[in-house]
Amino acid sequence: MLEKHKDDRKSPGAWRATKDGFGNGTSTSFFPKDHPFPFLTRKFLQWTFYLLLPFIVFRFYFYPSPPPSHLAIPLSSLPVNSSPSSSFPPQLPEEEMILSKETACDYTQGKWVPDKMGPLYNGTTCGTIKDGQNCMSHGRPDLGFLYWRWQPQDCQLPRFDPNEFLQFFADRHIAFVGDSMARNQLESLVCMLSSVSPPNLVYKNGDDNKFRRWHFASHNASVSIYWSPFLVKGVEKSKNGPDHNELYLDRIDERWGKDLDGIDTIVLSIGHWFLHPAVYLEDGKVLGCHYCPGLNHTEIGFYDVLRKAVRTTVNTISDRGDGIDVILTTFSPSHFQGDWDKFGACPKTEPYGEGEKLLEGMDADMRKIEVEEVESARLGIGGNQKKVRLEALDVTRLSLMRPDGHPGPYMYPFPFANGVGERVQNDCVHWCLPGPVDTWNQILLQVIKRLRRQ
């Protein structure tokens, strides 16, 4: 070891190489050669070590230190056939662990719980709300319906992050295609996004703004709505034409189909218009009809027709699309209690509790058909999922539990300003904005994130 020059060994700061206190080599002493402390210090340290050693062994044997917090994994996340004594941590890629958590989350099962935060926008801060759904501006007095959030049964649903959504659609185009429920969802999304970035309406056409497109310059993102209540080609009933709809089940509606090449994500939504009287055609021939007295056609109902319309739509997108995400929003139940034009048609002011309302009848059947067709199409695509990815946005049950979220009589401004009339028109189908439909887009963001990771 190092040794100071012999002429300096008696200076106060002298040091020299010595054997360590345990006879295991050399160590450095910071005392003069003739100082009495080095010996005593070495002995003191030696016996201190011998006294502490049993306690150290006892501590680490019976109370091992936990792993650092960033490595800690809850027991519930371990594989079924593993135990806490298995190799730690499980050697799973980070992306695979994140994906497994997301795919395990079933957003369809859960309950509505009170939420103090409320919505991202209101009836005055967003200018894209359809007049008939602007319940706040129309004087709805009970605003408690705004303070609920959906709590899935086995996982957490993150709050909607408009910045994150816009980042996902930077330089991209998302289109909503379908009936008035598609428009309801679209207007909800535009309002939520407008809380962080102003939308520019760059295109509109058709009666009642049925075809519109907004551009969010902050991210070069586009959001569109295409009116297409059957998804397939249809001729709607009118005052000057037949009093029934005509559906061509073997071809899509080209009003949106012609723009497929410019769409990155398409959100489909149909259902309620299939309840109306209609005649159905395929390959130029009449298949039958639904509620068509006076016409010489076979009554075939609308369930199989809905299935055919969804199948034709999804198959056509799969054939034409390239790198497109297809998301089908499932059927949204109505909540009429009595006549639609009588006071109190949808009077509820709070969500249903667990077990208070069951998903059954037509609501369950419509949802079942849509979910089945998406799953069938996904299996049919198989290895071609890089070209088209499909997912069902299953909102039927959570919507069923919100009878309080409709405009009701507040589809018109201040409907009781002059008292309650004999006839009171009610909308118990669409949703107030803001309202429960915002949750659809909350889940939509999570579905999109999962599709992008696949």
# chains A, B, ... in the order shown; residues from 1 in each chain; ligands from 1

$ residues_around --residues "Val223 of chain A" --least-positions-apart "4" --cutoff "7 Å" --atoms "only C-alpha atoms" --output "number ranges by chain"
A: 173-175, 213-215

$ write_last_selection --atoms "N, CA, C and O atoms" --output "short mmCIF file (atom, residue, chain, number, x, y, z; two decimals), in the first residue's frame"
data_model
loop_
_atom_site.label_atom_id
_atom_site.label_comp_id
_atom_site.auth_asym_id
_atom_site.auth_seq_id
_atom_site.Cartn_x
_atom_site.Cartn_y
_atom_site.Cartn_z
N HIS A 173 -58.48 10.54 -40.31
CA HIS A 173 -59.90 10.87 -40.50
C HIS A 173 -60.75 9.79 -39.85
O HIS A 173 -60.61 8.60 -40.18
N ILE A 174 -61.60 10.19 -38.93
CA ILE A 174 -62.58 9.27 -38.33
C ILE A 174 -63.96 9.70 -38.78
O ILE A 174 -64.31 10.88 -38.75
N ALA A 175 -64.75 8.72 -39.23
CA ALA A 175 -66.08 9.01 -39.77
C ALA A 175 -67.14 8.21 -39.02
O ALA A 175 -66.95 7.02 -38.74
N ARG A 213 -68.30 17.74 -41.94
CA ARG A 213 -66.93 17.38 -41.58
C ARG A 213 -66.28 18.55 -40.85
O ARG A 213 -66.41 19.71 -41.25
N TRP A 214 -65.60 18.22 -39.76
CA TRP A 214 -64.84 19.20 -38.99
C TRP A 214 -63.35 18.90 -39.10
O TRP A 214 -62.93 17.74 -39.24
N HIS A 215 -62.57 19.97 -39.01
CA HIS A 215 -61.12 19.83 -39.05
C HIS A 215 -60.53 20.46 -37.80
O HIS A 215 -60.86 21.59 -37.45
#

$ residues_around --residues "Gly288 of chain A" --least-positions-apart "4" --cutoff "8 Å" --atoms "only C-alpha atoms" --output "ChimeraX atom specification"
/A:279-281,297-300

$ write_last_selection --atoms "N, CA, C and O atoms" --output "short mmCIF file (atom, residue, chain, number, x, y, z; two decimals), in the first residue's frame"
data_model
loop_
_atom_site.label_atom_id
_atom_site.label_comp_id
_atom_site.auth_asym_id
_atom_site.auth_seq_id
_atom_site.Cartn_x
_atom_site.Cartn_y
_atom_site.Cartn_z
N VAL A 279 -89.79 -2.31 -47.39
CA VAL A 279 -89.74 -3.41 -48.36
C VAL A 279 -88.27 -3.70 -48.61
O VAL A 279 -87.46 -2.79 -48.78
N TYR A 280 -87.94 -5.03 -48.67
CA TYR A 280 -86.54 -5.43 -48.78
C TYR A 280 -86.28 -6.09 -50.12
O TYR A 280 -87.06 -6.95 -50.58
N LEU A 281 -85.16 -5.67 -50.73
CA LEU A 281 -84.79 -6.21 -52.05
C LEU A 281 -83.35 -6.75 -52.01
O LEU A 281 -82.50 -6.22 -51.29
N HIS A 297 -96.64 -8.58 -50.36
CA HIS A 297 -95.31 -9.09 -50.00
C HIS A 297 -95.39 -9.89 -48.71
O HIS A 297 -96.28 -9.66 -47.87
N THR A 298 -94.45 -10.79 -48.57
CA THR A 298 -94.41 -11.63 -47.37
C THR A 298 -93.79 -10.86 -46.20
O THR A 298 -92.74 -10.24 -46.34
N GLU A 299 -94.46 -10.92 -45.07
CA GLU A 299 -93.93 -10.29 -43.86
C GLU A 299 -92.77 -11.14 -43.31
O GLU A 299 -92.96 -12.31 -42.97
N ILE A 300 -91.59 -10.55 -43.25
CA ILE A 300 -90.42 -11.31 -42.77
C ILE A 300 -89.76 -10.64 -41.56
O ILE A 300 -88.71 -11.10 -41.09
#

$ closest_residue --among "A:Leu445, A:Leu433, A:Ala377, A:Val190" --to "Leu146 of chain A" --atoms "only C-alpha atoms"
A:Leu433

$ select_by_dssp --residues "segment 90-273 of chain A" --states "helix (DSSP H, G or I)" --output "VMD selection string"
chain A and resid 94 to 104 131 to 133 144 to 146 162 to 168 180 to 193 207 to 209 254 to 257 260 to 262 272 to 273

$ residues_around --residues "Phe168 of chain A" --least-positions-apart "2" --cutoff "12 Å" --atoms "only C-alpha atoms" --output "list in words"
Asp161, Pro162, Asn163, Glu164, Phe165, Leu166, Ala170, Asp171, Arg172, His173, Ile174, His219, Asn220, Ala221, Ser222, Asp264, Thr265, Leu444, Leu445, Gln446, Val447, Ile448, Lys449, Arg450, Leu451, Arg452 and Arg453 of chain A

$ closest_residue --among "A:Leu379, A:Ala182, A:Val326, A:Ile266" --to "Trp431 of chain A" --atoms "only C-alpha atoms"
A:Ala182

$ residues_around --residues "Pro409 of chain A" --least-positions-apart "6" --cutoff "9 Å" --atoms "only C-alpha atoms" --output "JSON, numbers by chain"
{"A": [140, 341, 343, 344, 345, 346, 415, 416, 424, 425, 426, 427, 428]}

$ closest_residue --among "A:Asp394, A:Glu187, A:Asp304, A:Glu360" --to "Tyr107 of chain A" --atoms "only C-alpha atoms"
A:Asp394
